file protein.cif (mmCIF, C-alpha atoms)
data_input
loop_
_atom_site.label_atom_id
_atom_site.label_comp_id
_atom_site.auth_asym_id
_atom_site.auth_seq_id
_atom_site.Cartn_x
_atom_site.Cartn_y
_atom_site.Cartn_z
CA MET X 260 22.73 -25.12 16.74
CA ARG X 261 22.85 -27.95 14.22
CA ALA X 262 19.62 -29.33 12.76
CA LEU X 263 20.41 -32.86 14.03
CA SER X 264 20.86 -31.67 17.60
CA ILE X 265 17.57 -29.76 17.46
CA ARG X 266 15.72 -32.81 16.19
CA LYS X 267 17.10 -34.91 19.07
CA VAL X 268 16.04 -32.34 21.65
CA VAL X 269 12.55 -32.03 20.19
CA ALA X 270 12.16 -35.80 19.97
CA GLY X 271 13.16 -36.17 23.61
CA LEU X 272 10.77 -33.46 24.79
CA VAL X 273 7.84 -34.84 22.83
CA ALA X 274 8.48 -38.41 23.96
CA GLY X 275 8.82 -37.30 27.59
CA ALA X 276 5.59 -35.34 27.45
CA ALA X 277 3.71 -38.25 25.92
CA ALA X 278 4.97 -40.64 28.56
CA ALA X 279 3.96 -38.29 31.35
CA VAL X 280 0.44 -37.96 30.01
CA LEU X 281 0.00 -41.68 29.54
CA GLY X 282 1.46 -42.47 32.94
CA GLY X 283 -0.67 -39.89 34.68
CA ALA X 284 -3.81 -41.31 33.15
CA GLY X 285 -2.97 -44.76 34.42
CA ALA X 286 -3.19 -46.17 30.93
CA GLN X 287 -1.82 -49.69 30.46
CA ALA X 288 -1.43 -49.56 26.70
CA ALA X 289 1.98 -48.92 25.23
CA PRO X 290 2.55 -45.31 24.16
CA ALA X 291 1.77 -44.53 20.55
CA GLU X 292 4.66 -43.98 18.21
CA VAL X 293 5.80 -40.37 18.25
CA LYS X 294 6.55 -38.88 14.85
CA VAL X 295 9.16 -36.16 14.77
CA VAL X 296 8.92 -33.62 12.00
CA PRO X 297 12.44 -32.49 11.13
CA PHE X 298 13.26 -28.80 10.74
CA GLU X 299 16.38 -26.75 10.31
CA VAL X 300 17.54 -23.33 11.41
CA SER X 301 19.76 -21.56 8.92
CA GLY X 302 20.84 -18.05 7.99
CA GLN X 303 20.88 -14.97 10.19
CA LEU X 304 18.15 -12.69 11.51
CA PRO X 305 18.01 -9.46 9.42
CA ILE X 306 19.38 -6.32 11.03
CA TYR X 307 17.59 -3.27 9.66
CA PRO X 308 19.33 0.12 9.40
CA LYS X 309 18.19 2.94 11.65
CA ALA X 310 15.39 5.11 10.26
CA LEU X 311 15.95 8.85 9.89
CA TYR X 312 12.43 9.47 8.54
CA ARG X 313 9.60 6.95 8.50
CA TYR X 314 5.83 6.60 8.05
CA GLY X 315 3.88 8.81 10.43
CA ALA X 316 6.62 11.40 10.96
CA VAL X 317 5.57 15.06 10.79
CA SER X 318 8.21 17.78 10.54
CA VAL X 319 9.78 20.45 8.34
CA SER X 320 12.56 17.95 7.61
CA VAL X 321 9.98 15.65 6.03
CA ARG X 322 8.87 18.59 3.86
CA LYS X 323 12.46 18.96 2.63
CA LEU X 324 12.56 15.24 1.88
CA GLU X 325 9.33 15.54 -0.11
CA ALA X 326 10.69 18.55 -2.02
CA ARG X 327 13.65 16.46 -3.16
CA LEU X 328 11.36 13.62 -4.24
CA ILE X 329 9.33 16.17 -6.22
CA GLN X 330 12.52 17.25 -8.00
CA LEU X 331 12.93 13.63 -9.16
CA LYS X 332 9.24 13.50 -10.21
CA LEU X 333 8.65 10.62 -7.80
CA ILE X 334 5.82 12.39 -5.99
CA ASP X 335 3.30 15.07 -6.96
CA LYS X 336 3.55 18.61 -5.59
CA LYS X 337 0.21 18.26 -3.84
CA TYR X 338 1.80 15.89 -1.32
CA LEU X 339 4.23 18.55 -0.08
CA ASP X 340 2.70 18.67 3.39
CA ASN X 341 5.28 17.88 6.13
CA GLU X 342 3.69 14.46 6.68
CA TYR X 343 5.41 11.15 5.88
CA GLY X 344 2.29 9.45 4.56
CA THR X 345 1.45 6.70 2.10
CA MET X 346 2.48 8.63 -1.02
CA THR X 347 5.80 9.72 0.48
CA ARG X 348 6.55 6.14 1.50
CA ALA X 349 5.73 4.89 -2.02
CA ALA X 350 8.03 7.54 -3.53
CA VAL X 351 10.87 6.56 -1.19
CA LYS X 352 10.46 2.92 -2.23
CA LYS X 353 10.67 3.90 -5.91
CA PHE X 354 13.85 5.86 -5.25
CA GLN X 355 15.41 2.98 -3.30
CA GLN X 356 14.61 0.52 -6.08
CA SER X 357 16.17 2.86 -8.66
CA LYS X 358 19.39 2.90 -6.62
CA GLY X 359 19.50 -0.83 -5.86
CA ILE X 360 18.63 -0.26 -2.22
CA PRO X 361 16.21 -2.65 -0.45
CA PRO X 362 12.79 -0.91 -0.74
CA LEU X 363 12.19 -0.53 2.99
CA GLY X 364 9.92 2.49 2.54
CA TYR X 365 11.67 4.53 5.19
CA VAL X 366 14.77 6.71 4.87
CA ASP X 367 17.96 5.40 6.42
CA GLN X 368 21.37 7.11 6.19
CA ASN X 369 22.34 5.31 2.98
CA THR X 370 19.09 6.30 1.26
CA TRP X 371 19.43 9.89 2.47
CA ASP X 372 23.03 10.16 1.22
CA LYS X 373 22.01 8.93 -2.22
CA LEU X 374 19.01 11.27 -2.31
CA LEU X 375 21.24 14.23 -1.41
CA ALA X 376 23.61 13.29 -4.25
CA ALA X 377 20.75 13.02 -6.76
CA THR X 378 19.02 16.31 -5.90
CA LYS X 379 19.75 19.92 -4.99
CA GLU X 380 18.92 21.87 -1.85
CA PRO X 381 15.23 22.91 -2.13
CA THR X 382 14.66 26.64 -2.48
CA GLN X 383 12.27 28.55 -0.25
CA GLN X 384 9.83 28.74 -3.16
CA GLU X 385 10.01 24.98 -3.66
CA LEU X 386 9.33 24.40 0.02
CA TYR X 387 6.62 27.04 0.33
CA PRO X 388 5.12 27.88 -3.08
CA PRO X 389 3.52 31.35 -3.15
CA VAL X 390 -0.17 31.39 -2.29
CA PRO X 391 -2.38 32.54 -5.17
CA VAL X 392 -4.01 35.96 -4.77
CA VAL X 393 -7.40 36.58 -6.40
CA ASP X 394 -9.24 39.90 -6.19
CA GLY X 395 -6.81 41.06 -3.53
CA ARG X 396 -7.40 38.02 -1.30
CA LYS X 397 -4.97 35.20 -0.67
CA LEU X 398 -6.32 31.72 -1.22
CA ASP X 399 -5.76 29.07 1.42
CA ALA X 400 -2.09 27.98 1.45
CA ARG X 401 -3.15 24.39 0.78
CA CYS X 402 -4.33 25.50 -2.66
CA ALA X 403 -0.82 26.54 -3.70
CA THR X 404 0.31 23.09 -4.81
CA GLY X 405 -1.19 20.31 -6.90
CA THR X 406 -4.78 20.36 -8.08
CA ALA X 407 -7.43 21.72 -5.73
CA LEU X 408 -11.03 22.76 -5.52
CA CYS X 409 -10.41 25.82 -3.38
CA ILE X 410 -13.74 26.78 -1.79
CA ASP X 411 -13.98 30.06 0.11
CA LYS X 412 -17.05 30.41 2.32
CA THR X 413 -16.38 34.09 2.91
CA THR X 414 -16.46 35.15 -0.74
CA ARG X 415 -18.78 32.28 -1.76
CA LYS X 416 -16.43 31.25 -4.55
CA LEU X 417 -15.09 27.93 -5.77
CA ARG X 418 -11.81 28.11 -7.66
CA TYR X 419 -10.24 25.28 -9.62
CA VAL X 420 -6.51 25.72 -8.98
CA VAL X 421 -3.62 23.86 -10.60
CA ASP X 422 -0.11 24.42 -9.18
CA GLY X 423 -1.13 27.79 -7.81
CA VAL X 424 -2.85 29.02 -10.98
CA VAL X 425 -6.62 29.63 -10.93
CA LYS X 426 -8.10 27.95 -14.00
CA MET X 427 -11.84 28.34 -13.31
CA GLN X 428 -14.04 30.25 -10.85
CA PHE X 429 -17.64 29.62 -9.76
CA ASP X 430 -20.30 31.19 -7.58
CA VAL X 431 -21.29 28.66 -4.91
CA ARG X 432 -23.87 28.22 -2.17
CA PHE X 433 -23.49 26.28 1.07
CA GLY X 434 -25.57 24.45 3.66
CA ALA X 435 -27.90 26.09 6.15
CA VAL X 436 -26.98 26.44 9.83
CA LYS X 437 -28.32 23.00 10.77
CA THR X 438 -26.81 21.35 7.69
CA ALA X 439 -23.56 23.28 7.46
CA THR X 440 -20.96 22.49 4.85
CA ARG X 441 -17.95 21.04 6.64
CA GLU X 442 -14.70 23.00 6.60
CA GLY X 443 -11.23 21.54 6.28
CA GLY X 444 -9.01 19.65 3.88
CA PHE X 445 -10.55 16.76 1.94
CA THR X 446 -10.10 14.86 -1.31
CA VAL X 447 -12.55 13.87 -4.03
CA GLY X 448 -13.60 10.36 -3.06
CA TRP X 449 -15.91 9.57 -5.94
CA LYS X 450 -17.90 11.17 -8.75
CA SER X 451 -21.41 10.67 -10.12
CA ARG X 452 -22.51 12.40 -13.31
CA ASN X 453 -26.27 11.85 -12.89
CA HIS X 454 -26.55 11.43 -9.14
CA VAL X 455 -29.85 11.56 -7.26
CA SER X 456 -29.85 11.95 -3.48
CA LYS X 457 -31.42 8.96 -1.73
CA LEU X 458 -31.83 10.99 1.46
CA TYR X 459 -33.61 13.99 -0.07
CA ASP X 460 -34.79 12.47 -3.38
CA SER X 461 -33.35 15.41 -5.30
CA PRO X 462 -31.06 15.48 -8.35
CA MET X 463 -27.36 16.21 -7.80
CA PRO X 464 -25.88 16.20 -11.32
CA TYR X 465 -22.13 16.35 -11.78
CA ALA X 466 -21.56 15.46 -8.13
CA MET X 467 -17.99 15.28 -6.80
CA PHE X 468 -18.13 13.86 -3.27
CA PHE X 469 -15.50 14.96 -0.76
CA SER X 470 -16.90 14.38 2.78
CA GLY X 471 -19.49 11.67 3.35
CA GLY X 472 -22.64 12.74 1.53
CA GLN X 473 -21.37 16.26 0.91
CA ALA X 474 -20.37 17.06 -2.65
CA VAL X 475 -19.79 19.82 -5.14
CA HIS X 476 -22.62 19.61 -7.67
CA TYR X 477 -24.92 21.56 -9.96
CA SER X 478 -28.13 22.89 -8.37
CA SER X 479 -31.09 23.99 -10.44
CA ASP X 480 -32.55 25.55 -7.28
CA PHE X 481 -29.46 27.71 -6.86
CA ALA X 482 -29.67 28.66 -10.53
CA ALA X 483 -33.31 29.71 -10.07
CA ARG X 484 -33.37 31.26 -6.58
CA GLY X 485 -29.77 32.24 -5.96
CA TYR X 486 -28.80 32.85 -2.35
CA ASN X 487 -32.42 32.89 -1.16
CA GLY X 488 -32.07 29.17 -0.49
CA ALA X 489 -29.42 26.84 0.92
CA SER X 490 -28.14 23.32 0.40
CA HIS X 491 -28.29 20.37 2.79
CA GLY X 492 -24.53 20.63 3.25
CA CYS X 493 -23.30 20.34 -0.32
CA VAL X 494 -21.50 23.00 -2.31
CA ASN X 495 -24.00 24.15 -4.94
CA VAL X 496 -22.90 25.46 -8.33
CA ARG X 497 -25.35 27.32 -10.58
CA ASP X 498 -23.41 27.45 -13.85
CA LEU X 499 -24.33 24.23 -15.64
CA ALA X 500 -22.05 24.70 -18.65
CA LYS X 501 -18.98 25.34 -16.53
CA ILE X 502 -19.53 22.52 -14.05
CA LYS X 503 -19.80 20.07 -16.96
CA VAL X 504 -16.27 21.08 -17.90
CA LEU X 505 -15.07 20.98 -14.30
CA PHE X 506 -16.49 17.51 -13.74
CA ASP X 507 -14.29 16.10 -16.50
CA LEU X 508 -11.19 17.95 -15.27
CA VAL X 509 -11.42 16.81 -11.64
CA HIS X 510 -9.96 13.43 -10.73
CA ILE X 511 -10.42 11.12 -7.77
CA GLY X 512 -7.91 12.16 -5.11
CA ASP X 513 -7.81 15.85 -6.04
CA LYS X 514 -7.82 18.16 -3.03
CA VAL X 515 -10.93 19.92 -1.79
CA ILE X 516 -10.17 22.80 0.58
CA VAL X 517 -13.17 24.44 2.30
CA TYR X 518 -12.18 27.48 4.34
CA ARG X 519 -12.95 31.07 5.28
CA SER X 520 -10.69 33.85 4.00
#
call {"tool": "encode", "arguments": {"input": "protein.cif", "output": "structure tokens"}}
result
Amino acid sequence: MRALSIRKVVAGLVAGAAAAVLGGAGAQAAPAEVKVVPFEVSGQLPIYPKALYRYGAVSVSVRKLEARLIQLKLIDKKYLDNEYGTMTRAAVKKFQQSKGIPPLGYVDQNTWDKLLAATKEPTQQELYPPVPVVDGRKLDARCATGTALCIDKTTRKLRYVVDGVVKMQFDVRFGAVKTATREGGFTVGWKSRNHVSKLYDSPMPYAMFFSGGQAVHYSSDFAARGYNGASHGCVNVRDLAKIKVLFDLVHIGDKVIVYRS
């Protein structure tokens, strides 16, 4: 439709509506001048290509996609998790931009074809890195990639693991029954070198928070009394020298895996 024709139609509709209102109100005054703001319609509506993989998808196929993005160093190994999340979407956008493809953030057939050409078929080890074994026990599979604080409630050990290699190991203590340390997969949300708990008015130095108020931190009580006591839900460490080193190694966003072996 041409812009001129649209303006005429709009002008007619507006004028007709104004006349109806004035007539219905019984007003005697002449209708006010109606100003028509011109506008134009041009171009075509965009037609987006069909998505093969997009944000929110969960599948083994997504894991294979992530493995290829890892080959190109567009995403870290720790995000190899079968889930098309924020980091996977950002990596796809980077790849699309590098190939002159509109950065839609999802994988269409064109993007997939170019990704296949730029990478090789992921091996079984790339898709499922071997789980570290310490003292005859396998660590949680989520500790096999990226950087993780791998915390085993059964053995009462915290292990700092980087790409499946255990770099440091600590004795740890957990919360009592009523203040249990939560289990699951988390990330370090924030750190506080000289933290003091507002709830319990107790020092929590070298605190690395991963779930609400629960954190990995040094505990002088644990150092003094050992397993005779318990925390209020945090993961207590009793080796002050080692946790000072760990605190500087750990970054915001690193994985925290609390599990039972």
call {"tool": "resolve_selection", "arguments": {"input": "protein.cif", "expression": "the PyMOL selection byres ((chain X and resi 420) around 10)", "output": "number ranges by chain"}}
result
X: 391, 398, 402-409, 417-419, 421-428, 514
call {"tool": "atom_distance", "arguments": {"input": "protein.cif", "atom1": "CA of Val496 (chain X)", "atom2": "CA of Pro388 (chain X)"}}
result
28.6 Å
call {"tool": "closest_residue", "arguments": {"input": "protein.cif", "among": "X:Asn453, X:Arg484, X:Gln330, X:Pro361", "to": "Thr382 (chain X)", "atoms": "all atoms listed in the file"}}
result
X:Gln330
call {"tool": "residues_around", "arguments": {"input": "protein.cif", "residues": "Met463 (chain X)", "least_positions_apart": "2", "cutoff": "7 Å", "atoms": "all atoms listed in the file", "output": "PyMOL selection string"}}
result
chain X and resi 453-456+461+465-466+476-478
call {"tool": "resolve_selection", "arguments": {"input": "protein.cif", "expression": "the PyMOL selection byres ((chain X and resi 317-327) around 7)", "output": "list in words"}}
result
Gly315, Ala316, Leu328, Ile329, Gln330, Leu331, Leu339, Asp340, Asn341, Glu342, Tyr343, Thr347, Thr378, Pro381, Glu385 and Leu386 of chain X
call {"tool": "atom_distance", "arguments": {"input": "protein.cif", "atom1": "CA of Arg415 (chain X)", "atom2": "CA of Val431 (chain X)"}}
result
5.4 Å
call {"tool": "atom_distance", "arguments": {"input": "protein.cif", "atom1": "CA of Ala483 (chain X)", "atom2": "CA of Arg497 (chain X)"}}
result
8.3 Å
call {"tool": "axis_aligned_box", "arguments": {"input": "protein.cif", "around": "region 434-447 of chain X", "padding_each_side": "8 Å", "output": "lines of an AutoDock Vina configuration file"}}
result
center_x = -18.7
center_y = 20.2
center_z = 3.4
size_x = 35.3
size_y = 28.6
size_z = 30.8
call {"tool": "build_atoms", "arguments": {"input": "protein.cif", "residues": "region 399-434 of chain X", "atoms": "N, CA and C atoms", "output": "PDB file, in the frame of the given file"}}
result
ATOM      1  N   ASP X 399      -6.330  29.915   0.382  1.00  0.00           N
ATOM      2  CA  ASP X 399      -5.760  29.070   1.420  1.00  0.00           C
ATOM      3  C   ASP X 399      -4.420  28.510   0.928  1.00  0.00           C
ATOM      4  N   ALA X 400      -3.430  28.444   1.824  1.00  0.00           N
ATOM      5  CA  ALA X 400      -2.090  27.980   1.450  1.00  0.00           C
ATOM      6  C   ALA X 400      -2.102  26.567   0.880  1.00  0.00           C
ATOM      7  N   ARG X 401      -3.074  25.761   1.277  1.00  0.00           N
ATOM      8  CA  ARG X 401      -3.150  24.390   0.780  1.00  0.00           C
ATOM      9  C   ARG X 401      -3.522  24.318  -0.693  1.00  0.00           C
ATOM     10  N   CYS X 402      -3.962  25.445  -1.239  1.00  0.00           N
ATOM     11  CA  CYS X 402      -4.330  25.500  -2.660  1.00  0.00           C
ATOM     12  C   CYS X 402      -3.144  25.873  -3.538  1.00  0.00           C
ATOM     13  N   ALA X 403      -1.976  26.061  -2.940  1.00  0.00           N
ATOM     14  CA  ALA X 403      -0.820  26.540  -3.700  1.00  0.00           C
ATOM     15  C   ALA X 403      -0.132  25.441  -4.488  1.00  0.00           C
ATOM     16  N   THR X 404      -0.360  24.190  -4.123  1.00  0.00           N
ATOM     17  CA  THR X 404       0.310  23.090  -4.810  1.00  0.00           C
ATOM     18  C   THR X 404      -0.707  22.065  -5.293  1.00  0.00           C
ATOM     19  N   GLY X 405      -0.334  21.359  -6.366  1.00  0.00           N
ATOM     20  CA  GLY X 405      -1.190  20.310  -6.900  1.00  0.00           C
ATOM     21  C   GLY X 405      -2.477  20.858  -7.488  1.00  0.00           C
ATOM     22  N   THR X 406      -3.466  19.992  -7.554  1.00  0.00           N
ATOM     23  CA  THR X 406      -4.780  20.360  -8.080  1.00  0.00           C
ATOM     24  C   THR X 406      -5.769  20.432  -6.926  1.00  0.00           C
ATOM     25  N   ALA X 407      -6.528  21.525  -6.867  1.00  0.00           N
ATOM     26  CA  ALA X 407      -7.430  21.720  -5.730  1.00  0.00           C
ATOM     27  C   ALA X 407      -8.706  22.425  -6.133  1.00  0.00           C
ATOM     28  N   LEU X 408      -9.800  21.989  -5.504  1.00  0.00           N
ATOM     29  CA  LEU X 408     -11.030  22.760  -5.520  1.00  0.00           C
ATOM     30  C   LEU X 408     -10.952  23.630  -4.276  1.00  0.00           C
ATOM     31  N   CYS X 409     -10.653  24.895  -4.479  1.00  0.00           N
ATOM     32  CA  CYS X 409     -10.410  25.820  -3.380  1.00  0.00           C
ATOM     33  C   CYS X 409     -11.700  26.599  -3.124  1.00  0.00           C
ATOM     34  N   ILE X 410     -12.373  26.293  -2.025  1.00  0.00           N
ATOM     35  CA  ILE X 410     -13.740  26.780  -1.790  1.00  0.00           C
ATOM     36  C   ILE X 410     -13.749  27.731  -0.607  1.00  0.00           C
ATOM     37  N   ASP X 411     -14.013  29.004  -0.904  1.00  0.00           N
ATOM     38  CA  ASP X 411     -13.980  30.060   0.110  1.00  0.00           C
ATOM     39  C   ASP X 411     -15.404  30.403   0.542  1.00  0.00           C
ATOM     40  N   LYS X 412     -15.707  30.109   1.809  1.00  0.00           N
ATOM     41  CA  LYS X 412     -17.050  30.410   2.320  1.00  0.00           C
ATOM     42  C   LYS X 412     -17.286  31.901   2.475  1.00  0.00           C
ATOM     43  N   THR X 413     -16.227  32.654   2.693  1.00  0.00           N
ATOM     44  CA  THR X 413     -16.380  34.090   2.910  1.00  0.00           C
ATOM     45  C   THR X 413     -16.816  34.802   1.628  1.00  0.00           C
ATOM     46  N   THR X 414     -16.131  34.494   0.538  1.00  0.00           N
ATOM     47  CA  THR X 414     -16.460  35.150  -0.740  1.00  0.00           C
ATOM     48  C   THR X 414     -17.486  34.365  -1.556  1.00  0.00           C
ATOM     49  N   ARG X 415     -17.840  33.159  -1.075  1.00  0.00           N
ATOM     50  CA  ARG X 415     -18.780  32.280  -1.760  1.00  0.00           C
ATOM     51  C   ARG X 415     -18.310  31.992  -3.192  1.00  0.00           C
ATOM     52  N   LYS X 416     -17.041  31.574  -3.272  1.00  0.00           N
ATOM     53  CA  LYS X 416     -16.430  31.250  -4.550  1.00  0.00           C
ATOM     54  C   LYS X 416     -15.759  29.881  -4.489  1.00  0.00           C
ATOM     55  N   LEU X 417     -15.854  29.162  -5.573  1.00  0.00           N
ATOM     56  CA  LEU X 417     -15.090  27.930  -5.770  1.00  0.00           C
ATOM     57  C   LEU X 417     -14.092  28.215  -6.889  1.00  0.00           C
ATOM     58  N   ARG X 418     -12.835  27.895  -6.633  1.00  0.00           N
ATOM     59  CA  ARG X 418     -11.810  28.110  -7.660  1.00  0.00           C
ATOM     60  C   ARG X 418     -11.093  26.787  -7.928  1.00  0.00           C
ATOM     61  N   TYR X 419     -10.987  26.472  -9.203  1.00  0.00           N
ATOM     62  CA  TYR X 419     -10.240  25.280  -9.620  1.00  0.00           C
ATOM     63  C   TYR X 419      -8.806  25.726  -9.849  1.00  0.00           C
ATOM     64  N   VAL X 420      -7.894  25.228  -8.999  1.00  0.00           N
ATOM     65  CA  VAL X 420      -6.510  25.720  -8.980  1.00  0.00           C
ATOM     66  C   VAL X 420      -5.549  24.584  -9.316  1.00  0.00           C
ATOM     67  N   VAL X 421      -4.627  24.851 -10.229  1.00  0.00           N
ATOM     68  CA  VAL X 421      -3.620  23.860 -10.600  1.00  0.00           C
ATOM     69  C   VAL X 421      -2.238  24.482 -10.411  1.00  0.00           C
ATOM     70  N   ASP X 422      -1.464  23.924  -9.486  1.00  0.00           N
ATOM     71  CA  ASP X 422      -0.110  24.420  -9.180  1.00  0.00           C
ATOM     72  C   ASP X 422      -0.104  25.927  -8.952  1.00  0.00           C
ATOM     73  N   GLY X 423      -1.084  26.390  -8.191  1.00  0.00           N
ATOM     74  CA  GLY X 423      -1.130  27.790  -7.810  1.00  0.00           C
ATOM     75  C   GLY X 423      -1.761  28.726  -8.821  1.00  0.00           C
ATOM     76  N   VAL X 424      -2.224  28.191  -9.941  1.00  0.00           N
ATOM     77  CA  VAL X 424      -2.850  29.020 -10.980  1.00  0.00           C
ATOM     78  C   VAL X 424      -4.349  28.737 -11.017  1.00  0.00           C
ATOM     79  N   VAL X 425      -5.159  29.792 -10.893  1.00  0.00           N
ATOM     80  CA  VAL X 425      -6.620  29.630 -10.930  1.00  0.00           C
ATOM     81  C   VAL X 425      -7.062  29.436 -12.376  1.00  0.00           C
ATOM     82  N   LYS X 426      -7.669  28.291 -12.644  1.00  0.00           N
ATOM     83  CA  LYS X 426      -8.100  27.950 -14.000  1.00  0.00           C
ATOM     84  C   LYS X 426      -9.580  28.271 -14.235  1.00  0.00           C
ATOM     85  N   MET X 427     -10.408  28.084 -13.195  1.00  0.00           N
ATOM     86  CA  MET X 427     -11.840  28.340 -13.310  1.00  0.00           C
ATOM     87  C   MET X 427     -12.350  28.903 -11.988  1.00  0.00           C
ATOM     88  N   GLN X 428     -13.443  29.679 -12.061  1.00  0.00           N
ATOM     89  CA  GLN X 428     -14.040  30.250 -10.850  1.00  0.00           C
ATOM     90  C   GLN X 428     -15.555  30.149 -10.946  1.00  0.00           C
ATOM     91  N   PHE X 429     -16.204  29.833  -9.803  1.00  0.00           N
ATOM     92  CA  PHE X 429     -17.640  29.620  -9.760  1.00  0.00           C
ATOM     93  C   PHE X 429     -18.259  30.346  -8.568  1.00  0.00           C
ATOM     94  N   ASP X 430     -19.490  30.791  -8.735  1.00  0.00           N
ATOM     95  CA  ASP X 430     -20.300  31.190  -7.580  1.00  0.00           C
ATOM     96  C   ASP X 430     -20.802  29.912  -6.932  1.00  0.00           C
ATOM     97  N   VAL X 431     -20.811  29.866  -5.597  1.00  0.00           N
ATOM     98  CA  VAL X 431     -21.290  28.660  -4.910  1.00  0.00           C
ATOM     99  C   VAL X 431     -22.166  29.032  -3.725  1.00  0.00           C
ATOM    100  N   ARG X 432     -22.963  28.068  -3.307  1.00  0.00           N
ATOM    101  CA  ARG X 432     -23.870  28.220  -2.170  1.00  0.00           C
ATOM    102  C   ARG X 432     -23.625  27.050  -1.225  1.00  0.00           C
ATOM    103  N   PHE X 433     -23.821  27.292   0.067  1.00  0.00           N
ATOM    104  CA  PHE X 433     -23.490  26.280   1.070  1.00  0.00           C
ATOM    105  C   PHE X 433     -24.726  25.832   1.851  1.00  0.00           C
ATOM    106  N   GLY X 434     -24.488  24.956   2.840  1.00  0.00           N
ATOM    107  CA  GLY X 434     -25.570  24.450   3.660  1.00  0.00           C
ATOM    108  C   GLY X 434     -26.094  25.478   4.647  1.00  0.00           C
TER     109      GLY X 434
END
